[in-house]
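Peer 1: After the structure tokens below, expect a handful of questions from me.
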Amino acid sequence: MDKKLAEIKNLYNNADEQKLIEQAFVFARSAHRGQKRKTGEDYLIHPLTVACTLSRLQLDARTIAAGLLHDVLENTKITAVDVTKEFDQEIAFLVEGVSKLRGVDFKGEKELAENFRKMILATAQDIRVVLIKLADVLHNTQTLGTLSPSRKKRYAREVLEIYAPIANRLGIGWLKGELEDLAFPYVMPKEYNELSSLVKDAIKENEQYIEDLKPKVFKLLEKEEIKPIKIDARTKHLYSLWKKTKRLDKKPWEIYDLVALRIIVSDIPTCYATLGALHKRWRPLPNEIKDYIALPKPNGYQSLHTKVFGEGGKITEFQIRSQEMHNEAEFGIAAHWAYKEKITHPFKKKLSWIKQLQDWQVAADPKEFLESLKIDFFRDRIFIFTPNGDVIDLPEGATPIDFAYAIHSDLGDQCVMAKVNGKPIQIASALKNNDIVEIITQKNKKPSPDWLGFVKTSKARSKIREALRKQELIK
Ligand code: MN
């Protein structure tokens, strides 16, 4: 344990920070003295592992301290007042925040909605509370072994349905992948076993191929005077592979990016130069070049992706990104965390989805809340452009009416027609990623009750209802 503590402390070079972490460790050790985890280990190993994960996310020393203390209110006689006295109000606030997130035991949709609601409110208050919770959940999921089978399954389902999507939304790629892969075998043991035995050999083969390819790529880039910072093989996470086979209705061996090569370079121009160099050597597959640098994913993810006919015609995926984009993809929101700073603008905008959820989560009943959540939160997002080039981010399957309401409720209410990429389109049809949409309005036009049958976003739905109520078309 002392070794683990030293590891954490080493990441913080300021003497005050080190002292704070040490102090929290000593406090937690005496508070949990004599307590054991279900695995039989000393309880202290749990908060220490949580603190370790938080230090990996490069969070500030106060968050590390709060991670060490995160279970003292729940499991010992220590109170929030004690924590404030020994440390300060901020640390006590974080510890209390995490304790409040101890969810209702997950039984069904209602508890799920309730736990999710709590997470969202906490995210809006102080994102660090949620990061501590995620680190807590990660270690609990890693050590699920001792629980009863049904309890294991319930916990793992909650991980898949709440915590992994939140990690994804916060842009912390590795955490999302790890949580999903840990929970997958408990939630869907049959699917997990089938898939892992099916792809085991394919993955091994691919990894070997990619290893052999690596020096060739280095040489190729050298010729173009490109010095990559790192070239790494990246194996697709099993759960995300499973989802992809479901989504595309394909067999796992038909998914090409089981193993991809990730190239990290210094800056954006070098990203594009690298893409060019690869395409000069290996012919790209049409329609498989994705420029997430110019058009980032809604969670902020940026990279260039391409698939090429590689050595021996083998289809090979490359991901190219700058060091900065790489940090962002690994640490997400945590990458922006500056000491003591509350959330400031570069990612305030990114958190607008939290604000949106907050706006309507108060009114909706739990069932409706969860249904909308599944669309607004879990679905993949698409980007739609206004004729001026502004980007609106919508769930997959959204219609021109959803788009109109996302811009302004008058635009939605008065919509009579929509043009997509210059051509008229039915207002009920689903938009596609990167469509340019123009809404044609008519003064005094009112929304039709039929619209409720096809809109996808909760915002459009509630605005349409509001307008219909005004006309007394519905109650
Ligand atoms: Mn805990």
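Labels used: A, B, ... for chains in the order of the structure tokens, numbers from 1 for residues in each chain, and numbers from 1 for ligands as shown.
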Considering only C-alpha atoms and all ligand atoms, give me a table of residues in chain A that are at most 7 Å from ligand 1, with the closest atom pair and distance in Å for each, as a Markdown table.
Peer 2:
```
| residue | atom | partner | partner_atom_place_in_ligand_line | distance |
| --- | --- | --- | --- | --- |
| A:His46 | CA | ligand 1 | 1 (Mn) | 6.6 |
| A:Pro47 | CA | ligand 1 | 1 (Mn) | 6.4 |
| A:His70 | CA | ligand 1 | 1 (Mn) | 6.4 |
| A:Asp71 | CA | ligand 1 | 1 (Mn) | 5.4 |
| A:Asp136 | CA | ligand 1 | 1 (Mn) | 5.0 |
```
Peer 1: A:Arg33, A:Lys118, A:Arg128, A:Lys236: which is nearest Asp60 (chain A), counting only C-alpha atoms?
Peer 2: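 Of A:Arg33, A:Lys118, A:Arg128, A:Lys236, the one nearest Asp60 (chain A) is A:Arg128, counting only C-alpha atoms.
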Peer 1: Need the shell around region 167-176 of chain A: protein/DNA/RNA residues with any atom at most 8 Å away, counting only C-alpha atoms. Skip same-chain ones fewer than 3 positions apart. Format as a PyMOL selection string?
Peer 2: chain A and resi 134+138+163-164+179-180+299-301+328-334
Peer 1: Based on DSSP run over this structure's backbone, return all residues of region 118-237 of chain A in alpha helix (DSSP H), as a PyMOL selection string.
Peer 2: chain A and resi 118-125+127-142+149-158+164-169+173-187+189-223
Peer 1: In Å, how far is it from CA of Leu394 (chain A) to CA of Arg157 (chain A)?
Peer 2: 26.0 Å
Peer 1: Tell me which protein, DNA and RNA residues are within 8 Å of Glu207 (chain A), counting only C-alpha atoms, leaving out same-chain ones fewer than 5 positions away, and put them as a ChimeraX atom specification.
Peer 2: /A:233,235,259
Peer 1: Mind dumping the selected residues with all heavy atoms as a PDB file, in the first residue's frame?
Peer 2:
```
ATOM      1  N   ALA A 233      -0.503  -0.360 -31.799  1.00  0.00           N
ATOM      2  CA  ALA A 233      -1.631  -1.198 -32.211  1.00  0.00           C
ATOM      3  C   ALA A 233      -2.738  -1.001 -31.201  1.00  0.00           C
ATOM      4  O   ALA A 233      -2.481  -0.883 -30.010  1.00  0.00           O
ATOM      5  CB  ALA A 233      -1.215  -2.654 -32.232  1.00  0.00           C
ATOM      6  N   THR A 235      -6.376  -2.688 -30.130  1.00  0.00           N
ATOM      7  CA  THR A 235      -7.343  -3.763 -30.340  1.00  0.00           C
ATOM      8  C   THR A 235      -8.712  -3.283 -29.899  1.00  0.00           C
ATOM      9  O   THR A 235      -8.847  -2.664 -28.855  1.00  0.00           O
ATOM     10  CB  THR A 235      -6.953  -5.004 -29.514  1.00  0.00           C
ATOM     11  OG1 THR A 235      -5.616  -5.350 -29.849  1.00  0.00           O
ATOM     12  CG2 THR A 235      -7.857  -6.172 -29.797  1.00  0.00           C
ATOM     13  N   VAL A 259      -8.284  -4.813 -35.165  1.00  0.00           N
ATOM     14  CA  VAL A 259      -7.036  -4.224 -34.695  1.00  0.00           C
ATOM     15  C   VAL A 259      -6.701  -3.098 -35.652  1.00  0.00           C
ATOM     16  O   VAL A 259      -6.789  -3.261 -36.862  1.00  0.00           O
ATOM     17  CB  VAL A 259      -5.888  -5.248 -34.695  1.00  0.00           C
ATOM     18  CG1 VAL A 259      -4.633  -4.623 -34.126  1.00  0.00           C
ATOM     19  CG2 VAL A 259      -6.265  -6.479 -33.902  1.00  0.00           C
TER      20      VAL A 259
END
```
Peer 1: Skipping near chain neighbours, those fewer than 4 positions away, what residues fall within 12 Å of Ser448 (chain A) using only C-alpha atoms, listed as a PyMOL selection string?
Peer 2: chain A and resi 401+412-416+427-428+452-455+461+463-469+471+473-474
Peer 1: Would you save the residues from that selection as a short mmCIF file (atom, residue, chain, number, x, y, z; two decimals), in the first residue's frame, using N, CA and C atoms?
Peer 2:
```cif
data_model
loop_
_atom_site.label_atom_id
_atom_site.label_comp_id
_atom_site.auth_asym_id
_atom_site.auth_seq_id
_atom_site.Cartn_x
_atom_site.Cartn_y
_atom_site.Cartn_z
N ILE A 401 -38.05 18.59 -38.21
CA ILE A 401 -38.79 19.25 -37.13
C ILE A 401 -37.94 19.32 -35.86
N GLY A 412 -39.64 25.97 -35.17
CA GLY A 412 -40.33 24.68 -35.15
C GLY A 412 -41.83 24.86 -35.37
N ASP A 413 -42.42 25.75 -34.57
CA ASP A 413 -43.87 25.95 -34.64
C ASP A 413 -44.34 26.32 -36.05
N GLN A 414 -43.54 27.15 -36.73
CA GLN A 414 -44.00 27.69 -38.01
C GLN A 414 -43.45 26.94 -39.22
N CYS A 415 -42.86 25.80 -39.00
CA CYS A 415 -42.24 25.05 -40.10
C CYS A 415 -43.30 24.48 -41.04
N VAL A 416 -43.15 24.73 -42.34
CA VAL A 416 -44.07 24.13 -43.30
C VAL A 416 -43.35 23.18 -44.25
N ILE A 427 -41.04 16.39 -43.98
CA ILE A 427 -40.60 16.83 -42.66
C ILE A 427 -40.51 15.68 -41.66
N ALA A 428 -41.05 14.52 -42.03
CA ALA A 428 -40.97 13.37 -41.12
C ALA A 428 -39.76 12.49 -41.40
N LEU A 452 -46.09 14.70 -33.24
CA LEU A 452 -45.69 13.94 -32.05
C LEU A 452 -45.39 12.48 -32.39
N GLY A 453 -45.94 12.04 -33.53
CA GLY A 453 -45.72 10.65 -33.94
C GLY A 453 -44.33 10.36 -34.48
N PHE A 454 -43.60 11.40 -34.89
CA PHE A 454 -42.30 11.09 -35.50
C PHE A 454 -41.11 11.85 -34.94
N VAL A 455 -41.34 12.91 -34.14
CA VAL A 455 -40.16 13.63 -33.64
C VAL A 455 -39.38 12.74 -32.67
N ARG A 461 -40.61 17.47 -28.71
CA ARG A 461 -41.85 16.91 -28.17
C ARG A 461 -42.51 17.87 -27.17
N LYS A 463 -42.06 21.10 -26.80
CA LYS A 463 -42.47 22.36 -27.42
C LYS A 463 -43.74 22.20 -28.26
N ILE A 464 -43.85 21.08 -28.94
CA ILE A 464 -45.06 20.82 -29.74
C ILE A 464 -46.27 20.72 -28.80
N ARG A 465 -46.07 19.94 -27.71
CA ARG A 465 -47.17 19.80 -26.73
C ARG A 465 -47.61 21.16 -26.19
N GLU A 466 -46.61 21.99 -25.90
CA GLU A 466 -46.90 23.30 -25.34
C GLU A 466 -47.76 24.10 -26.32
N ALA A 467 -47.39 24.09 -27.61
CA ALA A 467 -48.13 24.85 -28.62
C ALA A 467 -49.53 24.28 -28.81
N LEU A 468 -49.64 22.94 -28.79
CA LEU A 468 -50.95 22.31 -28.97
C LEU A 468 -51.86 22.63 -27.80
N ARG A 469 -51.27 22.65 -26.60
CA ARG A 469 -52.05 22.95 -25.41
C ARG A 469 -52.62 24.37 -25.50
N GLN A 471 -53.44 25.92 -28.13
CA GLN A 471 -54.58 25.93 -29.05
C GLN A 471 -55.68 25.02 -28.55
N LEU A 473 -55.68 21.90 -28.41
CA LEU A 473 -55.83 20.70 -29.23
C LEU A 473 -55.57 19.44 -28.42
N ILE A 474 -54.73 19.59 -27.37
CA ILE A 474 -54.58 18.49 -26.42
C ILE A 474 -54.67 19.06 -25.02
#
```
Peer 1: Excluding His237 (chain A) and residues on its chain fewer than 3 positions from it, collect all residues at most 7 Å away from it, counting only C-alpha atoms, and give them as an MDAnalysis selection string.
Peer 2: chainID A and resid 177 181 240:241
Peer 1: Kindly save the residues from that selection, with N, CA, C and O atoms included, as a PDB file, in the first residue's frame.
Peer 2:
```
ATOM      1  N   GLY A 177     -14.273   2.046 -22.299  1.00  0.00           N
ATOM      2  CA  GLY A 177     -13.957   0.728 -22.853  1.00  0.00           C
ATOM      3  C   GLY A 177     -13.733  -0.302 -21.763  1.00  0.00           C
ATOM      4  O   GLY A 177     -14.209  -1.439 -21.851  1.00  0.00           O
ATOM      5  N   ASP A 181     -16.089  -3.639 -21.022  1.00  0.00           N
ATOM      6  CA  ASP A 181     -15.541  -4.990 -21.152  1.00  0.00           C
ATOM      7  C   ASP A 181     -15.599  -5.755 -19.833  1.00  0.00           C
ATOM      8  O   ASP A 181     -15.730  -6.973 -19.829  1.00  0.00           O
ATOM      9  N   SER A 240     -17.603  -3.166 -27.595  1.00  0.00           N
ATOM     10  CA  SER A 240     -17.903  -2.250 -28.698  1.00  0.00           C
ATOM     11  C   SER A 240     -17.922  -3.030 -30.017  1.00  0.00           C
ATOM     12  O   SER A 240     -18.676  -2.699 -30.930  1.00  0.00           O
ATOM     13  N   LEU A 241     -17.141  -4.098 -30.101  1.00  0.00           N
ATOM     14  CA  LEU A 241     -17.203  -4.974 -31.275  1.00  0.00           C
ATOM     15  C   LEU A 241     -18.577  -5.652 -31.355  1.00  0.00           C
ATOM     16  O   LEU A 241     -19.200  -5.712 -32.409  1.00  0.00           O
TER      17      LEU A 241
END
```
Peer 1: Restricting the calculation to only C-alpha atoms, which member of A:Lys219, A:Lys38, A:Lys419, A:Lys153 is positioned closest to Ala277 (chain A)?
Peer 2: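 Among the listed residues, A:Lys219 lies closest to Ala277 (chain A).
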Peer 1: In Å, rounded to a single decimal, give me how far CA of Val159 (chain A) is from CA of Ser196 (chain A).
Peer 2: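 Taking CA of Ser196 (chain A) as the start and CA of Val159 (chain A) as the end point, the length is 20.0 Å.
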Peer 1: Could you name the residues that touch His32 (chain A) at 12 Å or less, counting only C-alpha atoms, but leaving out those on the same chain fewer than 3 positions away, as a PyMOL selection string?
Peer 2: chain A and resi 25-29+35-37+41-48+68-78
Peer 1: Could you please determine the separation between CA of Asn193 (chain A) and CA of Arg234 (chain A) in Å, to one decimal place?
Peer 2: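 Between CA of Asn193 (chain A) and CA of Arg234 (chain A) the gap works out to 21.4 Å.
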Peer 1: With only C-alpha atoms as the basis for distance, which of A:Val217, A:Leu238, A:Ala430, A:Val187 is at the shortest distance from Leu261 (chain A)?
Peer 2: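 Checking each candidate against Leu261 (chain A), we get A:Val217 as the closest.
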Peer 1: In terms of the shortest atom-to-atom distance over only C-alpha atoms, which of A:His408, A:His139, A:Lys85, A:Lys19 is closest to Thr53 (chain A)?
Peer 2: A:His139
Peer 1: Using only C-alpha atoms, pick whichever of A:Ile407, A:Leu94, A:Leu160, A:Lys432 has the shortest atom-to-atom distance to Lys243 (chain A).
Peer 2: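 Among the listed residues, A:Leu160 lies closest to Lys243 (chain A).
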Peer 1: Between A:Leu295, A:Ile231, A:Val199, A:Ala113, which one has atoms that come closest to Leu258 (chain A), using only C-alpha atoms?
Peer 2: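 Between A:Leu295, A:Ile231, A:Val199, A:Ala113, the residue approaching Leu258 (chain A) most closely is A:Val199.
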